[in-house]
Amino acid sequence: MRVISLGWGVQSFTIAAMAALGDIEPVDYAVFADTLYESVLTYEFAIDGWSWLEDRGVKVRVVRNKENPIVIPRGGGKIYIPAFTESKNASGGMLRRQCTQRWKVAPIRRFIQSQRNGQPVEMLLGISTDEWQRMRDSDVKYITNSYPLVDKKMSRLDCMRWLDEHGLPIPPKSACYFCPFHTTKEWNRIKQTPDWEKVITVDEQIRNARPSALGLRLYLHASRKPIDEVDFRTAEEKGQMTLWDNECSGVCGV
């Protein structure tokens, strides 16, 4: 059985579109693990993307847990996102990330187990050449991970070009709106969407999620400030001159 892990971002949608247009072998399913916290822009994109894929023979399925609480008060104040602690430690001052396994991997595997009928599964993952270090072997015997974009030597920018050449829209970045791994550029983008008020609510919700005996307050941003107090301006926007106005980083559009 062949299954695409569909996150509705640039890379995974490119793989799904390739399957729909015959650029790669057909798949049995494209499975979207809905965390319940995707960007409003991702959900809007998925409405049209889902119809487009289904019309071309790609079966899209949505899986999710019944609920994905950010904070679980019982059991000592569990929190599954990699929030920043009040002070740094050997781990860099972040909690261990558990959300991906619980909110994405587990629901997808439950669906696969319900459908595979004992068959081995090839899992197509949307990792491109500029993210090769994220490639991993599966940790379960019945799933083999594959990376079509790496096999085709395609970067994220190549995916965007491929989508454009085929008259398809470029998806917004797919991630939970409150993800502590967001870049400054991404936080600035989120501030312009309805998700920003929800980000502020989550940041306040996690602040004292751990028991006071454990000491440290939690934050979504590395500055260890409430998210609505963080200055997201670039150095240039703050008035600092740059010496590199004409320097090409080599990653335009990534």
# chains A, B, ... in the order shown; residues from 1 in each chain; ligands from 1
$ residues_around --residues "region 151-154 of chain A" --least-positions-apart "5" --cutoff "8 Å" --atoms "only C-alpha atoms" --output "MDAnalysis selection string"
chainID A and resid 128:129 159
$ write_last_selection --atoms "C-alpha atoms" --output "compact mmCIF listing (two decimals), in the first residue's frame"
# COMPACT_ATOMS: atom_id res chain seq x y z
CA SER A 128 13.04 17.96 -0.31
CA THR A 129 16.77 18.13 -0.97
CA CYS A 159 8.50 22.25 -5.97
$ residues_around --residues "region 215-228 of chain A" --least-positions-apart "2" --cutoff "8 Å" --atoms "only C-alpha atoms" --output "PyMOL selection string"
chain A and resi 83-87+178-180+199-200+203-204+206-213+230
$ write_last_selection --atoms "N, CA and C atoms" --output "mmCIF file, in the first residue's frame"
data_model
loop_
_atom_site.group_PDB
_atom_site.id
_atom_site.type_symbol
_atom_site.label_atom_id
_atom_site.label_comp_id
_atom_site.auth_asym_id
_atom_site.auth_seq_id
_atom_site.Cartn_x
_atom_site.Cartn_y
_atom_site.Cartn_z
ATOM 1 N N ALA A 83 7.782 24.157 24.263
ATOM 2 C CA ALA A 83 7.807 25.546 24.723
ATOM 3 C C ALA A 83 9.161 25.890 25.329
ATOM 4 N N PHE A 84 9.458 27.177 25.332
ATOM 5 C CA PHE A 84 10.697 27.671 25.941
ATOM 6 C C PHE A 84 10.496 27.828 27.442
ATOM 7 N N THR A 85 11.463 27.322 28.211
ATOM 8 C CA THR A 85 11.415 27.475 29.661
ATOM 9 C C THR A 85 12.009 28.828 30.042
ATOM 10 N N GLU A 86 11.753 29.229 31.283
ATOM 11 C CA GLU A 86 12.137 30.573 31.713
ATOM 12 C C GLU A 86 13.643 30.795 31.673
ATOM 13 N N SER A 87 14.385 29.748 31.898
ATOM 14 C CA SER A 87 15.840 29.872 31.807
ATOM 15 C C SER A 87 16.386 28.711 30.986
ATOM 16 N N PHE A 178 0.889 28.185 16.591
ATOM 17 C CA PHE A 178 1.645 28.591 17.779
ATOM 18 C C PHE A 178 3.017 27.927 17.879
ATOM 19 N N CYS A 179 3.477 27.261 16.838
ATOM 20 C CA CYS A 179 4.708 26.471 16.925
ATOM 21 C C CYS A 179 5.901 27.312 17.391
ATOM 22 N N PRO A 180 6.588 26.917 18.460
ATOM 23 C CA PRO A 180 7.739 27.677 18.945
ATOM 24 C C PRO A 180 8.923 27.712 17.972
ATOM 25 N N VAL A 199 -2.837 32.726 19.024
ATOM 26 C CA VAL A 199 -1.453 32.559 19.477
ATOM 27 C C VAL A 199 -1.274 33.182 20.856
ATOM 28 N N ILE A 200 -1.784 34.389 21.031
ATOM 29 C CA ILE A 200 -1.669 35.076 22.318
ATOM 30 C C ILE A 200 -2.349 34.262 23.416
ATOM 31 N N ASP A 203 -0.161 31.260 24.312
ATOM 32 C CA ASP A 203 1.023 31.711 25.055
ATOM 33 C C ASP A 203 0.663 31.974 26.513
ATOM 34 N N GLU A 204 -0.470 32.576 26.758
ATOM 35 C CA GLU A 204 -0.913 32.828 28.130
ATOM 36 C C GLU A 204 -1.297 31.518 28.831
ATOM 37 N N ILE A 206 -0.036 28.512 28.444
ATOM 38 C CA ILE A 206 1.086 27.664 28.844
ATOM 39 C C ILE A 206 1.960 28.284 29.924
ATOM 40 N N ARG A 207 1.800 29.586 30.184
ATOM 41 C CA ARG A 207 2.748 30.304 31.040
ATOM 42 C C ARG A 207 3.001 29.590 32.365
ATOM 43 N N ASN A 208 1.939 29.231 33.047
ATOM 44 C CA ASN A 208 2.072 28.585 34.357
ATOM 45 C C ASN A 208 1.490 27.181 34.339
ATOM 46 N N ALA A 209 1.691 26.504 33.199
ATOM 47 C CA ALA A 209 1.128 25.159 33.051
ATOM 48 C C ALA A 209 1.807 24.133 33.939
ATOM 49 N N ARG A 210 3.086 24.360 34.222
ATOM 50 C CA ARG A 210 3.791 23.418 35.085
ATOM 51 C C ARG A 210 3.569 23.783 36.536
ATOM 52 N N PRO A 211 3.552 22.814 37.441
ATOM 53 C CA PRO A 211 3.380 23.117 38.865
ATOM 54 C C PRO A 211 4.449 24.086 39.352
ATOM 55 N N SER A 212 4.066 24.962 40.253
ATOM 56 C CA SER A 212 5.014 25.974 40.733
ATOM 57 C C SER A 212 6.242 25.348 41.366
ATOM 58 N N ALA A 213 6.102 24.123 41.878
ATOM 59 C CA ALA A 213 7.248 23.453 42.490
ATOM 60 C C ALA A 213 8.352 23.196 41.476
ATOM 61 N N VAL A 230 6.777 40.837 22.125
ATOM 62 C CA VAL A 230 8.007 40.597 21.377
ATOM 63 C C VAL A 230 8.095 41.566 20.200
#
$ atom_distance --atom1 "CA of Pro107 (chain A)" --atom2 "CA of Val3 (chain A)"
13.5 Å
$ select_by_dssp --residues "region 7-227 of chain A" --states "strand (DSSP E)" --output "PyMOL selection string"
chain A and resi 29-33+60-63+71-72+78-79+84-85+121-124+143-146+218-219
$ closest_residue --among "A:Leu41, A:Leu21, A:Ile15, A:Val63" --to "Ile190 (chain A)" --atoms "only C-alpha atoms"
A:Leu41
$ closest_residue --among "A:Arg110, A:His182, A:Asp195, A:Glu67" --to "Pro82 (chain A)" --atoms "only C-alpha atoms"
A:His182
$ select_by_dssp --residues "region 95-173 of chain A" --states "alpha helix (DSSP H)" --output "PyMOL selection string"
chain A and resi 99+106-115+148-151+156-165
$ closest_atom_pairs --of "region 130-220 of chain A" --to "region 45-61 of chain A" --cutoff "12 Å" --atoms "only C-alpha atoms" --output "CSV"
residue,atom,partner,partner_atom,distance
A:Leu168,CA,A:Gly49,CA,9.4
A:Pro169,CA,A:Phe45,CA,8.9
A:Ile170,CA,A:Phe45,CA,9.2
A:Pro171,CA,A:Phe45,CA,6.6
A:Pro172,CA,A:Phe45,CA,7.7
A:Lys173,CA,A:Phe45,CA,10.5
A:Ser174,CA,A:Phe45,CA,10.2
$ closest_residue --among "A:Glu122, A:Asp158, A:Asp137, A:Asp164" --to "Gln11 (chain A)" --atoms "only C-alpha atoms"
A:Asp158
$ closest_residue --among "A:Phe181, A:Lys198, A:Ser138, A:Pro148" --to "Asp23 (chain A)" --atoms "only C-alpha atoms"
A:Pro148
$ residues_around --residues "Ile70 (chain A)" --least-positions-apart "5" --cutoff "10 Å" --atoms "only C-alpha atoms" --output "list of chain:residue names"
A:Tyr37, A:Lys78, A:Ile79, A:Tyr80, A:Ile81, A:Cys99, A:Val202, A:Gln205, A:Ile206, A:Ala209
$ write_last_selection --atoms "C-alpha atoms" --output "PDB file, in the first residue's frame"
ATOM      1  CA  TYR A  37      -4.227  23.943  15.168  1.00  0.00           C
ATOM      2  CA  LYS A  78       1.729  17.909  31.029  1.00  0.00           C
ATOM      3  CA  ILE A  79       2.421  19.951  27.935  1.00  0.00           C
ATOM      4  CA  TYR A  80       3.306  18.381  24.594  1.00  0.00           C
ATOM      5  CA  ILE A  81       4.648  21.350  22.618  1.00  0.00           C
ATOM      6  CA  CYS A  99       3.163  16.911  19.664  1.00  0.00           C
ATOM      7  CA  VAL A 202      -2.015  29.780  23.831  1.00  0.00           C
ATOM      8  CA  GLN A 205      -2.325  29.325  28.632  1.00  0.00           C
ATOM      9  CA  ILE A 206       1.086  27.664  28.844  1.00  0.00           C
ATOM     10  CA  ALA A 209       1.128  25.159  33.051  1.00  0.00           C
TER      11      ALA A 209
END
$ closest_residue --among "A:Ser114, A:Ser12, A:Thr193, A:Gln98" --to "Tyr177 (chain A)" --atoms "only C-alpha atoms"
A:Thr193
$ residues_around --residues "Arg156 (chain A)" --least-positions-apart "6" --cutoff "9 Å" --atoms "only C-alpha atoms" --output "list in words"
Val10, Gln11, Ile127, Ser128, Thr129, Asp130, Glu131, Leu149, Gly253 and Val254 of chain A
$ atom_distance --atom1 "CA of Trp187 (chain A)" --atom2 "CA of Tyr43 (chain A)"
17.9 Å
$ atom_distance --atom1 "CA of Arg189 (chain A)" --atom2 "CA of Ser155 (chain A)"
22.5 Å
$ residues_around --residues "Asn188 (chain A)" --least-positions-apart "4" --cutoff "8 Å" --atoms "only C-alpha atoms" --output "PyMOL selection string"
chain A and resi 184+192+232
